[in-house]
$ cat my_file_25.csv   # CSV, C-alpha atoms
chain,number,residue,atom,x,y,z
A,1,MET,CA,-26.2,-18.3,12.1
A,2,GLY,CA,-26.8,-21.6,10.3
A,3,TYR,CA,-28.3,-24.8,11.7
A,4,VAL,CA,-26.9,-28.3,11.5
A,5,THR,CA,-29.2,-31.3,11.5
A,6,SER,CA,-28.3,-35.0,11.9
A,7,THR,CA,-30.2,-38.1,11.2
A,8,SER,CA,-30.3,-41.5,12.8
A,9,LEU,CA,-32.4,-44.7,12.6
A,10,ASN,CA,-35.5,-44.8,14.7
A,11,PRO,CA,-36.8,-48.1,16.3
A,12,SER,CA,-39.0,-48.8,13.3
A,13,GLY,CA,-36.1,-48.6,11.0
A,14,GLY,CA,-36.9,-45.2,9.5
A,15,LEU,CA,-34.8,-42.1,9.6
A,16,ALA,CA,-35.3,-39.8,12.5
A,17,SER,CA,-34.0,-36.2,12.5
A,18,ALA,CA,-32.1,-35.0,15.6
A,19,PRO,CA,-33.0,-31.6,16.9
A,20,SER,CA,-31.3,-28.8,14.9
A,21,ALA,CA,-28.4,-27.1,16.7
A,22,PRO,CA,-27.1,-23.6,15.9
A,23,ALA,CA,-23.7,-23.4,14.2
A,24,ILE,CA,-21.6,-20.8,16.0
A,25,ASN,CA,-19.9,-18.2,13.7
A,26,ARG,CA,-16.9,-16.7,15.4
A,27,PRO,CA,-16.3,-12.9,14.8
A,28,ASN,CA,-13.3,-12.0,12.7
A,29,VAL,CA,-10.3,-11.6,15.0
A,30,VAL,CA,-8.7,-8.8,12.9
A,31,ALA,CA,-11.9,-6.7,12.9
A,32,VAL,CA,-12.4,-7.2,16.6
A,33,GLY,CA,-8.8,-6.3,17.3
A,34,THR,CA,-9.1,-3.1,15.2
A,35,ILE,CA,-12.2,-2.0,17.0
A,36,VAL,CA,-10.6,-2.5,20.4
A,37,TRP,CA,-7.5,-0.6,19.3
A,38,LEU,CA,-9.7,2.2,18.0
A,39,GLY,CA,-11.3,2.3,21.4
A,40,SER,CA,-7.9,3.1,22.9
A,41,GLU,CA,-7.5,5.8,20.2
A,42,VAL,CA,-10.7,7.4,21.4
A,43,MET,CA,-9.2,7.8,24.8
A,44,PHE,CA,-6.1,9.3,23.4
A,45,PHE,CA,-8.0,12.0,21.5
A,46,ALA,CA,-10.3,12.5,24.5
A,47,GLY,CA,-7.1,13.5,26.4
A,48,LEU,CA,-6.2,16.0,23.6
A,49,PHE,CA,-9.7,17.5,23.8
A,50,ALA,CA,-9.3,17.8,27.5
A,51,ILE,CA,-6.0,19.6,27.2
A,52,TYR,CA,-7.5,22.0,24.6
A,53,PHE,CA,-10.5,22.9,26.8
A,54,THR,CA,-8.4,23.3,29.9
A,55,LEU,CA,-6.0,25.7,28.3
A,56,LYS,CA,-8.9,27.6,26.7
A,57,SER,CA,-10.6,28.0,30.1
A,58,THR,CA,-7.5,29.5,31.6
A,59,SER,CA,-6.7,31.9,28.7
A,60,PRO,CA,-10.0,33.1,27.2
A,61,ALA,CA,-8.5,36.5,26.0
A,62,LEU,CA,-5.6,34.7,24.3
A,63,TRP,CA,-8.1,32.3,22.5
A,64,ALA,CA,-10.2,35.3,21.3
A,65,ALA,CA,-7.2,37.0,19.8
A,66,GLU,CA,-5.5,34.0,18.2
A,67,THR,CA,-8.6,32.3,16.7
A,68,ALA,CA,-9.1,35.5,14.7
A,69,HIS,CA,-6.2,34.3,12.5
A,70,LEU,CA,-8.0,31.1,11.5
A,71,ASN,CA,-9.3,30.8,7.9
A,72,VAL,CA,-12.6,29.1,8.6
A,73,PRO,CA,-13.8,28.9,5.0
A,74,TYR,CA,-10.5,27.3,3.9
A,75,ALA,CA,-10.7,24.8,6.8
A,76,ALA,CA,-14.3,24.0,5.9
A,77,VAL,CA,-13.4,23.2,2.3
A,78,ASN,CA,-10.5,21.0,3.5
A,79,THR,CA,-12.9,19.3,6.0
A,80,THR,CA,-15.4,18.6,3.2
A,81,VAL,CA,-12.6,16.9,1.1
A,82,LEU,CA,-11.8,14.6,4.1
A,83,VAL,CA,-15.5,13.8,4.8
A,84,LEU,CA,-16.1,12.9,1.2
A,85,SER,CA,-13.1,10.6,1.3
A,86,SER,CA,-15.0,8.5,3.8
A,87,VAL,CA,-17.8,8.2,1.2
A,88,THR,CA,-15.4,7.0,-1.5
A,89,CYS,CA,-13.7,4.7,1.0
A,90,GLN,CA,-17.1,3.1,1.8
A,91,PHE,CA,-17.7,2.5,-1.9
A,92,GLY,CA,-14.4,0.7,-1.9
A,93,VAL,CA,-15.6,-1.5,0.9
A,94,PHE,CA,-18.7,-2.4,-1.0
A,95,ALA,CA,-16.5,-3.5,-3.9
A,96,ALA,CA,-14.3,-5.5,-1.6
A,97,GLU,CA,-17.3,-7.2,-0.1
A,98,ARG,CA,-18.3,-8.4,-3.5
A,99,LEU,CA,-14.7,-9.4,-4.0
A,100,GLN,CA,-14.1,-7.0,-6.9
A,101,ALA,CA,-10.6,-5.8,-6.7
A,102,ARG,CA,-10.4,-3.7,-9.8
A,103,ARG,CA,-12.7,-1.9,-12.3
A,104,ALA,CA,-14.8,-3.9,-14.7
A,105,GLY,CA,-15.2,-1.0,-17.2
A,106,GLY,CA,-13.6,2.2,-18.4
A,107,LEU,CA,-11.7,4.5,-16.0
A,108,PHE,CA,-14.5,7.0,-16.0
A,109,GLN,CA,-17.2,4.4,-15.4
A,110,PHE,CA,-17.1,4.9,-11.7
A,111,TRP,CA,-20.1,2.7,-11.2
A,112,LYS,CA,-17.9,-0.2,-12.3
A,113,TRP,CA,-15.0,0.6,-10.2
A,114,GLY,CA,-13.4,-1.9,-7.8
A,115,MET,CA,-11.8,-1.5,-4.4
A,116,VAL,CA,-8.5,-0.3,-5.9
A,117,GLU,CA,-10.0,2.7,-7.8
A,118,TRP,CA,-12.2,3.8,-4.8
A,119,PHE,CA,-9.3,3.5,-2.4
A,120,ALA,CA,-7.0,5.3,-4.7
A,121,LEU,CA,-9.4,8.2,-4.9
A,122,SER,CA,-9.7,8.2,-1.1
A,123,TYR,CA,-6.0,8.3,-0.9
A,124,ILE,CA,-5.8,11.3,-3.2
A,125,MET,CA,-8.4,13.2,-1.2
A,126,GLY,CA,-6.7,12.3,2.1
A,127,ALA,CA,-3.4,13.6,0.7
A,128,ILE,CA,-5.1,16.8,-0.4
A,129,PHE,CA,-6.4,17.2,3.2
A,130,VAL,CA,-2.9,16.8,4.7
A,131,SER,CA,-1.3,19.1,2.2
A,132,GLY,CA,-4.0,21.7,3.0
A,133,GLN,CA,-3.1,21.4,6.7
A,134,VAL,CA,0.6,21.9,5.9
A,135,LEU,CA,-0.2,25.0,4.0
A,136,GLU,CA,-2.4,26.3,6.8
A,137,TYR,CA,0.4,25.7,9.3
A,138,ALA,CA,2.8,27.6,7.1
A,139,THR,CA,0.4,30.6,7.0
A,140,LEU,CA,-0.2,30.6,10.7
A,141,VAL,CA,3.5,30.4,11.5
A,142,SER,CA,4.1,33.4,9.3
A,143,GLU,CA,1.5,35.2,11.4
A,144,GLY,CA,3.3,34.4,14.6
A,145,ILE,CA,1.3,31.4,15.8
A,146,SER,CA,3.8,28.6,16.3
A,147,LEU,CA,4.0,25.5,18.5
A,148,ASN,CA,6.0,27.3,21.2
A,149,ALA,CA,4.5,30.7,20.8
A,150,ASN,CA,1.9,30.4,23.5
A,151,ALA,CA,-0.7,28.1,25.1
A,152,TYR,CA,-3.0,28.4,22.1
A,153,GLY,CA,-0.3,27.5,19.6
A,154,SER,CA,0.6,24.4,21.6
A,155,ALA,CA,-3.0,23.3,21.9
A,156,PHE,CA,-3.7,23.9,18.2
A,157,TYR,CA,-0.7,22.1,16.8
A,158,LEU,CA,-0.9,19.2,19.3
A,159,THR,CA,-4.5,18.4,18.5
A,160,THR,CA,-4.5,19.0,14.8
A,161,GLY,CA,-0.9,17.7,14.4
A,162,PHE,CA,-1.6,14.3,16.0
A,163,HIS,CA,-4.7,14.0,13.9
A,164,ALA,CA,-2.7,14.7,10.7
A,165,LEU,CA,-0.3,11.9,11.8
A,166,HIS,CA,-3.2,9.5,12.0
A,167,VAL,CA,-4.4,10.6,8.6
A,168,THR,CA,-0.9,9.9,7.2
A,169,GLY,CA,-1.1,6.5,8.8
A,170,GLY,CA,-4.4,5.9,7.0
A,171,LEU,CA,-2.8,6.9,3.7
A,172,ILE,CA,-0.1,4.4,4.2
A,173,ALA,CA,-2.7,1.7,5.0
A,174,PHE,CA,-4.5,2.5,1.7
A,175,LEU,CA,-1.3,2.0,-0.2
A,176,LEU,CA,-0.7,-1.3,1.5
A,177,VAL,CA,-4.2,-2.6,0.8
A,178,ILE,CA,-4.0,-1.5,-2.8
A,179,GLY,CA,-0.5,-3.1,-3.2
A,180,ARG,CA,-1.8,-6.3,-1.7
A,181,ALA,CA,-4.7,-6.4,-4.2
A,182,PHE,CA,-2.1,-6.3,-7.1
A,183,ALA,CA,0.2,-8.8,-5.4
A,184,VAL,CA,-2.2,-11.7,-4.9
A,185,LYS,CA,-3.5,-13.9,-7.7
A,186,TYR,CA,-7.0,-14.1,-6.2
A,187,PHE,CA,-8.7,-11.3,-4.3
A,188,GLY,CA,-10.4,-13.3,-1.5
A,189,HIS,CA,-11.9,-12.8,1.9
A,190,LYS,CA,-8.6,-12.1,3.6
A,191,GLU,CA,-7.9,-9.2,1.3
A,192,ALA,CA,-11.5,-7.9,1.7
A,193,THR,CA,-11.1,-8.0,5.5
A,194,SER,CA,-8.0,-5.9,5.2
A,195,ALA,CA,-9.9,-3.3,3.2
A,196,ILE,CA,-12.8,-3.3,5.7
A,197,VAL,CA,-10.6,-2.8,8.8
A,198,VAL,CA,-8.7,0.1,7.0
A,199,SER,CA,-12.1,1.7,6.4
A,200,TYR,CA,-12.9,1.4,10.1
A,201,TYR,CA,-9.7,3.4,10.8
A,202,TRP,CA,-10.4,5.9,8.1
A,203,HIS,CA,-14.0,6.6,9.2
A,204,PHE,CA,-12.6,7.0,12.8
A,205,VAL,CA,-10.1,9.7,11.8
A,206,ASP,CA,-12.8,11.5,9.8
A,207,VAL,CA,-15.2,11.5,12.8
A,208,VAL,CA,-12.4,12.8,15.1
A,209,TRP,CA,-11.7,15.6,12.6
A,210,ILE,CA,-15.3,16.7,12.5
A,211,GLY,CA,-15.2,17.0,16.3
A,212,LEU,CA,-11.9,19.0,16.1
A,213,PHE,CA,-13.2,21.2,13.3
A,214,ALA,CA,-16.3,22.0,15.4
A,215,VAL,CA,-14.3,22.8,18.5
A,216,ILE,CA,-11.4,24.7,16.9
A,217,TYR,CA,-13.0,26.5,14.0
A,218,ILE,CA,-16.7,26.8,14.9
A,219,ILE,CA,-17.0,27.1,18.6
A,220,ARG,CA,-13.5,28.7,19.0

$ encode --input "my_file_25.csv" --output "structure tokens"
Amino acid sequence: MGYVTSTSLNPSGGLASAPSAPAINRPNVVAVGTIVWLGSEVMFFAGLFAIYFTLKSTSPALWAAETAHLNVPYAAVNTTVLVLSSVTCQFGVFAAERLQARRAGGLFQFWKWGMVEWFALSYIMGAIFVSGQVLEYATLVSEGISLNANAYGSAFYLTTGFHALHVTGGLIAFLLVIGRAFAVKYFGHKEATSAIVVSYYWHFVDVVWIGLFAVIYIIR
């Protein structure tokens, strides 16, 4: 918060300083709107968690039998890829904050990467995660666990499927931000703000998945 001072002539003819007043800095509307929207998404996923736990409490034997089909090490590796994509995304935010859209060195000099390179890597890692989930779905369906097979199948695919849709939305947002960086002549604060709010969303879907992974694959 800055301070603004004004001067005026005092009775003796000299300059007198008026009391300093704080300059009000308004919060960014886009960032605030994104945070409010993510708050509604928290409630949405809370409902999915509630559905999962309710069905689990009514069918403990079914859960014990069906969770035995889950490939926990595979899911752990896929989870690690997604979590690391949050790290690369944040490095992209750091580059955007210093208004560096693209790399200032060689392709393998990652310490000189800009927002575009870090976000592109995050996109690739997110795409790997979604592809991994699709492969997991195919394996489970071949073993008889489908969306309409039983209560467990419905709970599993609803919770993980809606999350996968959110991740896909994040991948589209990455492409839009990267494309905008190439489209503008000057990468300024508006473009940096877009990158920052996309990172808010991406971190959110990552945190939600950590909760889902703990509930579905660890606690079971």

$ atom_distance --input "my_file_25.csv" --atom1 "CA of Ala64 (chain A)" --atom2 "CA of Ala138 (chain A)"
20.7 Å

$ closest_residue --input "my_file_25.csv" --among "A:Ser142, A:Asn150, A:Gln90, A:Ser85" --to "Gly126 (chain A)" --atoms "all atoms listed in the file"
A:Ser85

$ closest_atom_pairs --input "my_file_25.csv" --of "region 49-81 of chain A" --to "region 155-164 of chain A" --cutoff "8 Å" --atoms "only C-alpha atoms" --output "tab-separated table"
residue	atom	partner	partner_atom	distance
A:Phe49	CA	A:Thr159	CA	7.5
A:Ile51	CA	A:Ala155	CA	7.1
A:Tyr52	CA	A:Ala155	CA	5.4
A:Leu55	CA	A:Ala155	CA	7.5

$ atom_distance --input "my_file_25.csv" --atom1 "CA of Ala68 (chain A)" --atom2 "CA of Val208 (chain A)"
22.9 Å

$ residues_around --input "my_file_25.csv" --residues "region 103-110 of chain A" --least-positions-apart "6" --cutoff "12 Å" --atoms "all atoms listed in the file" --output "ChimeraX atom specification"
/A:88,91-92,95-96,116-121

$ closest_residue --input "my_file_25.csv" --among "A:Val30, A:Leu38, A:Ala61, A:Glu66" --to "Glu143 (chain A)" --atoms "all atoms listed in the file"
A:Glu66

$ closest_residue --input "my_file_25.csv" --among "A:Leu175, A:His166, A:Thr193, A:Ser57" --to "Phe44 (chain A)" --atoms "only C-alpha atoms"
A:His166

$ atom_distance --input "my_file_25.csv" --atom1 "CA of Asn71 (chain A)" --atom2 "CA of Asn148 (chain A)"
20.6 Å

$ residues_around --input "my_file_25.csv" --residues "region 180-186 of chain A" --least-positions-apart "4" --cutoff "9 Å" --atoms "all atoms listed in the file" --output "ChimeraX atom specification"
/A:101-102,115-116,175-176,191

$ closest_residue --input "my_file_25.csv" --among "A:Val93, A:Leu62, A:Ala173, A:Ala76" --to "Tyr152 (chain A)" --atoms "all atoms listed in the file"
A:Leu62

$ closest_residue --input "my_file_25.csv" --among "A:Gly211, A:Gln133, A:Tyr217, A:Tyr201" --to "Val72 (chain A)" --atoms "only C-alpha atoms"
A:Tyr217

$ closest_residue --input "my_file_25.csv" --among "A:Phe53, A:Val177, A:Val134, A:Val77" --to "Lys190 (chain A)" --atoms "only C-alpha atoms"
A:Val177

$ residues_around --input "my_file_25.csv" --residues "Leu82 (chain A)" --least-positions-apart "3" --cutoff "12 Å" --atoms "only C-alpha atoms" --output "number ranges by chain"
A: 75-79, 85-89, 121-133, 164, 167, 170-171, 202-210, 213

$ residues_near_point --input "my_file_25.csv" --point "(-6.6, -2.7, 0.2)" --cutoff "6 Å" --atoms "all atoms listed in the file" --output "PyMOL selection string"
chain A and resi 174+177-178+195
